[in-house]
Each structure stands twice: as structure tokens, then as C-alpha cells.
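Structure file protein31.pdb with PDB, C-alpha atoms:
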MODEL        1
ATOM      1  CA  MET O  17       0.000   0.000   0.000
ATOM      2  CA  THR O  18       1.376   3.395  -1.003
ATOM      3  CA  LYS O  19       0.565   6.821   0.359
ATOM      4  CA  SER O  20      -1.875   7.515  -2.501
ATOM      5  CA  GLU O  21      -3.621   4.163  -1.899
ATOM      6  CA  LEU O  22      -3.918   5.011   1.795
ATOM      7  CA  ILE O  23      -5.489   8.366   0.912
ATOM      8  CA  ALA O  24      -7.912   6.646  -1.486
ATOM      9  CA  ARG O  25      -8.993   4.167   1.219
ATOM     10  CA  LEU O  26      -9.545   6.936   3.752
ATOM     11  CA  ALA O  27     -11.576   8.850   1.150
ATOM     12  CA  GLU O  28     -13.719   5.732   0.549
ATOM     13  CA  HIS O  29     -14.403   5.517   4.293
ATOM     14  CA  LEU O  30     -15.524   9.122   4.313
ATOM     15  CA  ALA O  31     -17.939   8.433   1.446
ATOM     16  CA  GLU O  32     -19.288   5.303   3.193
ATOM     17  CA  ARG O  33     -19.984   7.345   6.313
ATOM     18  CA  ASN O  34     -21.699  10.067   4.259
ATOM     19  CA  SER O  35     -19.152  12.515   5.607
ATOM     20  CA  GLN O  36     -19.030  16.079   4.329
ATOM     21  CA  LEU O  37     -15.318  15.532   3.822
ATOM     22  CA  VAL O  38     -13.882  14.604   0.436
ATOM     23  CA  TYR O  39     -10.694  13.178  -1.121
ATOM     24  CA  LYS O  40      -8.832  16.497  -0.728
ATOM     25  CA  ASP O  41      -9.469  16.419   3.040
ATOM     26  CA  ALA O  42      -8.092  12.877   3.332
ATOM     27  CA  GLU O  43      -5.060  13.936   1.300
ATOM     28  CA  LEU O  44      -4.379  16.964   3.497
ATOM     29  CA  ALA O  45      -4.977  14.930   6.666
ATOM     30  CA  VAL O  46      -2.430  12.272   5.645
ATOM     31  CA  LYS O  47       0.112  14.946   4.756
ATOM     32  CA  THR O  48      -0.485  16.736   8.063
ATOM     33  CA  ILE O  49      -0.180  13.536  10.115
ATOM     34  CA  LEU O  50       3.034  12.410   8.391
ATOM     35  CA  ASP O  51       4.580  15.893   8.582
ATOM     36  CA  ALA O  52       3.773  16.061  12.304
ATOM     37  CA  MET O  53       5.262  12.612  12.911
ATOM     38  CA  ALA O  54       8.457  13.419  10.973
ATOM     39  CA  GLY O  55       8.684  16.836  12.641
ATOM     40  CA  SER O  56       8.269  15.265  16.048
ATOM     41  CA  LEU O  57      11.161  12.842  15.531
ATOM     42  CA  ALA O  58      13.276  15.592  13.943
ATOM     43  CA  THR O  59      12.981  17.598  17.160
ATOM     44  CA  GLY O  60      13.842  14.613  19.331
ATOM     45  CA  GLN O  61      10.280  13.984  20.486
ATOM     46  CA  ARG O  62       9.064  10.389  20.508
ATOM     47  CA  ILE O  63       5.730   9.199  19.093
ATOM     48  CA  GLU O  64       3.414   6.800  20.906
ATOM     49  CA  ILE O  65       0.306   5.479  19.160
ATOM     50  CA  ARG O  66      -1.611   3.082  21.388
ATOM     51  CA  GLY O  67      -2.333  -0.193  19.555
ATOM     52  CA  PHE O  68      -0.041   0.699  16.681
ATOM     53  CA  GLY O  69       3.444   1.283  18.032
ATOM     54  CA  SER O  70       6.034   3.798  19.103
ATOM     55  CA  PHE O  71       8.796   5.664  17.304
ATOM     56  CA  ASP O  72      11.955   6.548  19.192
ATOM     57  CA  LEU O  73      15.423   7.754  18.340
ATOM     58  CA  ASN O  74      18.355   5.413  18.809
ATOM     59  CA  TYR O  75      21.801   6.832  19.465
ATOM     60  CA  ARG O  76      24.714   5.822  17.228
ATOM     61  CA  PRO O  77      28.103   6.755  18.728
ATOM     62  CA  PRO O  78      30.804   8.338  16.536
ATOM     63  CA  ARG O  79      32.959   5.798  14.723
ATOM     64  CA  VAL O  80      35.734   5.545  12.185
ATOM     65  CA  GLY O  81      34.358   4.207   8.937
ATOM     66  CA  ARG O  82      35.866   3.530   5.579
ATOM     67  CA  ASN O  83      35.173   4.791   2.125
ATOM     68  CA  PRO O  84      34.539   1.447   0.408
ATOM     69  CA  LYS O  85      35.821   2.775  -2.919
ATOM     70  CA  SER O  86      39.123   4.327  -1.893
ATOM     71  CA  GLY O  87      39.670   2.460   1.384
ATOM     72  CA  SER O  88      40.545   5.716   3.155
ATOM     73  CA  SER O  89      39.199   6.113   6.671
ATOM     74  CA  VAL O  90      36.583   8.740   7.431
ATOM     75  CA  SER O  91      35.246   9.730  10.813
ATOM     76  CA  VAL O  92      31.486   9.287  11.080
ATOM     77  CA  PRO O  93      30.014  11.639  13.710
ATOM     78  CA  GLU O  94      27.538  10.486  16.346
ATOM     79  CA  LYS O  95      23.928  10.538  15.232
ATOM     80  CA  PHE O  96      20.376   9.528  16.036
ATOM     81  CA  VAL O  97      18.333   7.142  13.880
ATOM     82  CA  PRO O  98      14.560   6.577  13.988
ATOM     83  CA  HIS O  99      13.369   3.264  15.456
ATOM     84  CA  PHE O 100       9.872   1.740  15.400
ATOM     85  CA  LYS O 101       8.527  -0.804  17.883
ATOM     86  CA  ALA O 102       5.199  -2.386  16.973
ATOM     87  CA  GLY O 103       2.471  -2.148  19.621
ATOM     88  CA  LYS O 104       0.673  -5.140  21.118
ATOM     89  CA  GLU O 105      -2.427  -5.002  18.887
ATOM     90  CA  LEU O 106      -0.457  -4.620  15.648
ATOM     91  CA  ARG O 107       1.975  -7.365  16.673
ATOM     92  CA  GLU O 108      -0.816  -9.792  17.522
ATOM     93  CA  ARG O 109      -2.956  -9.073  14.463
ATOM     94  CA  VAL O 110      -0.039  -9.507  12.052
ATOM     95  CA  ASP O 111       1.070 -12.699  13.766
ATOM     96  CA  LEU O 112      -2.455 -14.175  13.929
ATOM     97  CA  ALA O 113      -2.844 -13.505  10.214
ATOM     98  CA  LEU O 114       0.231 -15.656   9.610
ATOM     99  CA  LEU O 115      -1.148 -18.479  11.765
ATOM    100  CA  ALA O 116      -4.511 -18.339   9.967
ATOM    101  CA  GLN O 117      -2.713 -18.468   6.628
ATOM    102  CA  GLU O 118      -0.712 -21.550   7.650
ATOM    103  CA  GLN O 119      -3.850 -23.416   8.641
ATOM    104  CA  VAL O 120      -5.381 -23.031   5.161
TER     105      VAL O 120
ATOM    106  CA  MET A  19       6.839  15.358  25.452
ATOM    107  CA  THR A  20       5.360  12.614  23.312
ATOM    108  CA  LEU A  21       3.292  12.866  20.137
ATOM    109  CA  THR A  22       0.052  10.872  20.501
ATOM    110  CA  LYS A  23      -3.241  10.394  18.661
ATOM    111  CA  ALA A  24      -4.778  13.223  20.711
ATOM    112  CA  GLU A  25      -2.174  15.744  19.456
ATOM    113  CA  LEU A  26      -2.572  14.524  15.871
ATOM    114  CA  ALA A  27      -6.357  14.984  16.109
ATOM    115  CA  ASP A  28      -5.824  18.505  17.509
ATOM    116  CA  LEU A  29      -3.637  19.318  14.500
ATOM    117  CA  LEU A  30      -6.338  18.146  12.070
ATOM    118  CA  PHE A  31      -8.787  20.350  13.950
ATOM    119  CA  ASP A  32      -6.499  23.414  13.984
ATOM    120  CA  LYS A  33      -4.791  23.126  10.584
ATOM    121  CA  VAL A  34      -7.125  21.131   8.333
ATOM    122  CA  GLY A  35     -10.386  22.412   9.801
ATOM    123  CA  LEU A  36     -11.965  19.033  10.552
ATOM    124  CA  ASN A  37     -14.362  19.067  13.495
ATOM    125  CA  LYS A  38     -13.313  17.237  16.665
ATOM    126  CA  ARG A  39     -15.243  14.077  15.778
ATOM    127  CA  GLU A  40     -13.917  13.968  12.181
ATOM    128  CA  ALA A  41     -10.362  14.613  13.359
ATOM    129  CA  LYS A  42     -10.488  11.779  15.900
ATOM    130  CA  ASP A  43     -12.001   9.379  13.317
ATOM    131  CA  MET A  44      -9.443  10.350  10.681
ATOM    132  CA  VAL A  45      -6.483   9.678  12.981
ATOM    133  CA  GLU A  46      -7.990   6.349  14.058
ATOM    134  CA  SER A  47      -8.682   5.353  10.418
ATOM    135  CA  PHE A  48      -5.180   6.371   9.338
ATOM    136  CA  PHE A  49      -3.535   3.884  11.698
ATOM    137  CA  GLU A  50      -6.242   1.254  11.207
ATOM    138  CA  GLU A  51      -5.721   1.259   7.425
ATOM    139  CA  ILE A  52      -1.998   0.704   7.925
ATOM    140  CA  ARG A  53      -2.699  -2.114  10.407
ATOM    141  CA  GLN A  54      -5.143  -3.757   7.972
ATOM    142  CA  ALA A  55      -2.672  -3.593   5.085
ATOM    143  CA  LEU A  56       0.043  -5.198   7.229
ATOM    144  CA  GLU A  57      -2.424  -7.756   8.575
ATOM    145  CA  SER A  58      -3.289  -8.770   5.009
ATOM    146  CA  GLY A  59       0.413  -9.297   4.301
ATOM    147  CA  ASP A  60       0.898  -6.072   2.349
ATOM    148  CA  SER A  61       3.821  -3.733   3.055
ATOM    149  CA  VAL A  62       3.137  -0.007   3.470
ATOM    150  CA  LYS A  63       5.238   2.610   1.697
ATOM    151  CA  LEU A  64       4.812   6.200   2.816
ATOM    152  CA  SER A  65       7.125   8.268   0.628
ATOM    153  CA  GLY A  66       9.084  10.877   2.545
ATOM    154  CA  PHE A  67       8.455   9.083   5.835
ATOM    155  CA  GLY A  68       9.346   5.403   5.588
ATOM    156  CA  ASN A  69       8.281   1.846   4.809
ATOM    157  CA  PHE A  70       6.617  -0.739   7.033
ATOM    158  CA  GLN A  71       7.573  -4.250   5.983
ATOM    159  CA  LEU A  72       6.840  -7.769   7.148
ATOM    160  CA  ARG A  73       9.425 -10.364   8.032
ATOM    161  CA  ASP A  74       8.646 -14.038   8.527
ATOM    162  CA  LYS A  75      10.855 -15.551  11.192
ATOM    163  CA  PRO A  76      11.309 -19.313  11.401
ATOM    164  CA  GLN A  77      10.935 -21.236  14.651
ATOM    165  CA  ARG A  78      14.123 -21.161  16.730
ATOM    166  CA  PRO A  79      15.239 -22.713  19.983
ATOM    167  CA  GLY A  80      14.717 -20.579  23.068
ATOM    168  CA  ARG A  81      15.011 -20.843  26.819
ATOM    169  CA  ASN A  82      12.939 -19.753  29.753
ATOM    170  CA  PRO A  83      15.408 -17.338  31.375
ATOM    171  CA  LYS A  84      14.019 -18.092  34.839
ATOM    172  CA  THR A  85      14.044 -21.884  34.809
ATOM    173  CA  GLY A  86      16.598 -22.518  32.050
ATOM    174  CA  GLU A  87      14.096 -24.882  30.471
ATOM    175  CA  GLU A  88      14.354 -25.205  26.680
ATOM    176  CA  ILE A  89      11.230 -24.117  24.812
ATOM    177  CA  PRO A  90      10.999 -23.418  21.085
ATOM    178  CA  ILE A  91      10.150 -19.869  19.978
ATOM    179  CA  THR A  92       7.436 -20.403  17.391
ATOM    180  CA  ALA A  93       7.577 -19.119  13.814
ATOM    181  CA  ARG A  94       6.202 -15.610  13.632
ATOM    182  CA  ARG A  95       5.626 -12.610  11.412
ATOM    183  CA  VAL A  96       6.945  -9.260  12.609
ATOM    184  CA  VAL A  97       6.654  -5.661  11.395
ATOM    185  CA  THR A  98       9.815  -3.695  10.653
ATOM    186  CA  PHE A  99      10.083   0.001   9.847
ATOM    187  CA  HIS A 100      12.689   1.567   7.592
ATOM    188  CA  ALA A 101      12.875   5.349   7.789
ATOM    189  CA  SER A 102      13.198   7.137   4.454
ATOM    190  CA  GLN A 103      16.403   8.999   3.575
ATOM    191  CA  LYS A 104      14.421  12.211   4.054
ATOM    192  CA  LEU A 105      13.354  11.345   7.614
ATOM    193  CA  LYS A 106      16.855  10.106   8.515
ATOM    194  CA  GLY A 107      18.242  13.363   7.137
ATOM    195  CA  MET A 108      15.797  15.452   9.171
ATOM    196  CA  VAL A 109      16.699  13.609  12.372
ATOM    197  CA  GLU A 110      20.467  13.934  11.765
ATOM    198  CA  GLN A 111      20.168  17.545  10.695
ATOM    199  CA  HIS A 112      18.324  18.506  13.845
ATOM    200  CA  HIS A 113      20.913  16.783  15.981
ATOM    201  CA  ALA A 114      23.780  18.498  14.112
ATOM    202  CA  ASN A 115      22.195  21.887  14.800
ATOM    203  CA  ASN A 116      21.870  21.345  18.526
TER     204      ASN A 116
ENDMDL
END
Exercise: express the given structure as C-alpha cells:
Amino acid sequence: MTKSELIARLAEHLAERNSQLVYKDAELAVKTILDAMAGSLATGQRIEIRGFGSFDLNYRPPRVGRNPKSGSSVSVPEKFVPHFKAGKELRERVDLALLAQEQV
Amino acid sequence: MTLTKAELADLLFDKVGLNKREAKDMVESFFEEIRQALESGDSVKLSGFGNFQLRDKPQRPGRNPKTGEEIPITARRVVTFHASQKLKGMVEQHHANN
């Protein structure tokens, strides 16, 4: 599923519920949510979505790396990288789907 | 200092002009659609943010850390997230500036 497919599905939901909202609203909502999530992590703030999961930043200490082409060493500064941990509901639903599939 | 569904709904209310009910439903549906896609075995690619993928892990031997008893860890499917270059860049950039 891509971002545009996600928007289309949310727009379908709106239509099913006879909402006043239309495709454009779903599109702007998805953009706003993703921008807020990225902005939150970019400012060092974690994200916690009950039933879905949490996004944190993991610390990577500075290290000496190598340029694989030239073999010369380069110092890689310390940094933070985003990390996602699936929440209980997501974990269980995905895993149950696998079990159900195996029993077919 | 944590971003939650409540803050996301507030943003949709303030910035997108949805009413409180619509904003809450939209945030809930957003995450539910992603869960359903993953549940159905589909990966989710959100350009500019990152990809959610599925990994099937085979059964492996495990141990009860308390008793030391050997018990197999069953085969399972797990969700992994790979941040996009853009998101990684934003996170590094912020850190470099502080």
C-alpha cells in the first residue's frame, strides 16, 4: 500500500460514512499527520500510538568508517536514527494472520 | 513530550479544519488502514516518511530465562520500519544543529 492508496482508502471511508469531507481532506490529513510525525522525531520527540506502536530515536556513537571505494578512513560523527517498535495489537494481528494463513 | 493520537487529532482540527469528531475518526482510520494492510500481508510505503515491511521468522530454539528450560520460539511474522532517507536526514540535521 502506497501513500496515494492510503489516501484513497480513507476517502472511501468518508464516502461510506456520508461525511461532508472529500478526497482532498483525506489527502491533506495524511500529509499533516506524516509531517507532524516526521517533525516530532526531527525535534527529538518520541511518538506513541496506542495499539499501533512507538517511534523513538536510537543513538549511534561516533565511529571511524571507511570509504569502500578508496579504502581511506573517514570519521562518522555520532547521530540519532529513527526506530519503530510495533504495539501489542499490531503485533498480535499480524502474527495471527500468519497463523490463519498456515492453517489453510 | 510525546506525540500521541490526541495531538494529531488537535492538528487536524487546527490546521485542516476538521471538526473534533472527524479529526479523531481520521487519525484512528489512518492507523487502522496501515494495520489492515500489514495484517493482510501487504507492506506499506509512505514516501518521505518510511516503509513498514513484514518479516517471517522461522521457529528457533529458546530458553525460559528463569528456569533454564528449553522451549521453542514459534515461527512468527513481525513488522519492521525503515525510515526514508528524508526522515533520517531530518533527524540527523536537527541533531547536528543542537
Just to confirm, what's the straight-line distance from atom CA of O:Asn83 to atom CA of A:His112 in Å (one decimal)?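 Pair atom CA of O:Asn83 / atom CA of A:His112 returns 24.7 Å.
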Just how far from atom CA of A:Glu40 is atom CA of O:Phe71, in Å to one decimal?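 Spanning atom CA of O:Phe71 to atom CA of A:Glu40 is a straight-line distance of 24.7 Å.
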Using only C-alpha atoms, which residues sit within 8 Å of O:Ala102 once same-chain residues fewer than 4 positions away are excluded, as JSON, numbers by chain? {"O": [68, 69, 70, 106, 107], "A": [97, 98]}
Please write as a PyMOL selection string the full residue list that the PyMOL selection byres ((chain O) within 8 of (chain A)) yields on this file. chain O and resi 17-19+22+25-26+41-42+44-46+48-50+52-54+56-66+68+95-102+106-107+109-111+113-114
Give me the result of the PyMOL selection byres ((chain O and resi 92) around 6) on this file, residue by residue, as a CSV table (one decimal) with C-alpha atoms, in the frame of the given file.
chain,number,residue,atom,x,y,z
O,78,PRO,CA,30.8,8.3,16.5
O,79,ARG,CA,33.0,5.8,14.7
O,80,VAL,CA,35.7,5.5,12.2
O,91,SER,CA,35.2,9.7,10.8
O,93,PRO,CA,30.0,11.6,13.7
Which residue is closest to O:Glu28? Choose from O:Pro77, O:Glu105, O:Lys40, O:Glu94 and count all atoms listed in the file.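 Closest to O:Glu28, using all atoms listed in the file: O:Lys40.
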Edge lengths and centre in Å to one decimal, as AutoDock Vina command-line options, is what I'm after for the box along x, y and z that holds all listed atoms of stretch 26-35 of chain O once 5 Å is added on each side.
--center_x -15.6 --center_y 8.9 --center_z 3.4 --size_x 22.2 --size_y 17.2 --size_z 15.8
Atom CA of A:Pro83 and atom CA of O:Leu112, how far apart in Å? 25.2 Å
Repair of stretch 87-110 of chain A at the level of N, CA, C and O atoms, as a compact mmCIF listing (two decimals), keeping the file's coordinate frame:
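Ended up saving to selection21.txt:
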# COMPACT_ATOMS: atom_id res chain seq x y z
N GLU A 87 14.74 -23.84 31.26
CA GLU A 87 14.10 -24.88 30.47
C GLU A 87 14.08 -24.50 28.99
O GLU A 87 13.83 -23.36 28.63
N GLU A 88 14.36 -25.47 28.13
CA GLU A 88 14.35 -25.20 26.68
C GLU A 88 12.94 -25.23 26.13
O GLU A 88 12.22 -26.20 26.32
N ILE A 89 12.54 -24.15 25.48
CA ILE A 89 11.23 -24.12 24.81
C ILE A 89 11.39 -23.44 23.45
O ILE A 89 12.06 -22.40 23.35
N PRO A 90 10.84 -24.02 22.40
CA PRO A 90 11.00 -23.42 21.08
C PRO A 90 10.24 -22.10 20.97
O PRO A 90 9.16 -21.96 21.53
N ILE A 91 10.84 -21.12 20.29
CA ILE A 91 10.15 -19.87 19.98
C ILE A 91 9.50 -20.10 18.62
O ILE A 91 10.18 -20.40 17.63
N THR A 92 8.18 -20.03 18.60
CA THR A 92 7.44 -20.40 17.39
C THR A 92 7.71 -19.45 16.22
O THR A 92 8.14 -18.32 16.42
N ALA A 93 7.45 -19.95 15.01
CA ALA A 93 7.58 -19.12 13.81
C ALA A 93 6.64 -17.94 13.94
O ALA A 93 5.54 -18.08 14.47
N ARG A 94 7.06 -16.78 13.51
CA ARG A 94 6.20 -15.61 13.63
C ARG A 94 6.46 -14.59 12.53
O ARG A 94 7.48 -14.62 11.86
N ARG A 95 5.50 -13.71 12.38
CA ARG A 95 5.63 -12.61 11.41
C ARG A 95 5.74 -11.32 12.20
O ARG A 95 4.92 -11.06 13.07
N VAL A 96 6.74 -10.52 11.87
CA VAL A 96 6.94 -9.26 12.61
C VAL A 96 6.97 -8.07 11.64
O VAL A 96 7.26 -8.22 10.45
N VAL A 97 6.66 -6.90 12.18
CA VAL A 97 6.65 -5.66 11.40
C VAL A 97 7.97 -4.94 11.61
O VAL A 97 8.41 -4.77 12.74
N THR A 98 8.61 -4.52 10.52
CA THR A 98 9.82 -3.70 10.65
C THR A 98 9.56 -2.36 9.95
O THR A 98 8.78 -2.28 9.01
N PHE A 99 10.22 -1.33 10.44
CA PHE A 99 10.08 0.00 9.85
C PHE A 99 11.44 0.48 9.37
O PHE A 99 12.44 0.37 10.09
N HIS A 100 11.47 0.98 8.13
CA HIS A 100 12.69 1.57 7.59
C HIS A 100 12.42 3.02 7.28
O HIS A 100 11.60 3.32 6.40
N ALA A 101 13.07 3.91 8.02
CA ALA A 101 12.88 5.35 7.79
C ALA A 101 13.40 5.72 6.41
O ALA A 101 14.39 5.15 5.94
N SER A 102 12.74 6.66 5.76
CA SER A 102 13.20 7.14 4.45
C SER A 102 14.47 7.96 4.64
O SER A 102 14.77 8.43 5.75
N GLN A 103 15.20 8.15 3.54
CA GLN A 103 16.40 9.00 3.58
C GLN A 103 16.03 10.39 4.09
O GLN A 103 16.79 10.99 4.84
N LYS A 104 14.85 10.86 3.66
CA LYS A 104 14.42 12.21 4.05
C LYS A 104 14.25 12.31 5.57
O LYS A 104 14.75 13.26 6.20
N LEU A 105 13.57 11.32 6.16
CA LEU A 105 13.35 11.34 7.61
C LEU A 105 14.69 11.20 8.36
O LEU A 105 14.95 11.92 9.33
N LYS A 106 15.53 10.27 7.88
CA LYS A 106 16.86 10.11 8.52
C LYS A 106 17.63 11.42 8.47
O LYS A 106 18.27 11.82 9.45
N GLY A 107 17.55 12.09 7.31
CA GLY A 107 18.24 13.36 7.14
C GLY A 107 17.73 14.42 8.10
O GLY A 107 18.52 15.14 8.71
N MET A 108 16.40 14.47 8.26
CA MET A 108 15.80 15.45 9.17
C MET A 108 16.26 15.23 10.61
O MET A 108 16.55 16.17 11.33
N VAL A 109 16.31 13.96 11.00
CA VAL A 109 16.70 13.61 12.37
C VAL A 109 18.17 13.95 12.61
O VAL A 109 18.53 14.52 13.65
N GLU A 110 19.03 13.64 11.63
CA GLU A 110 20.47 13.93 11.76
C GLU A 110 20.72 15.42 11.76
O GLU A 110 21.52 15.93 12.54
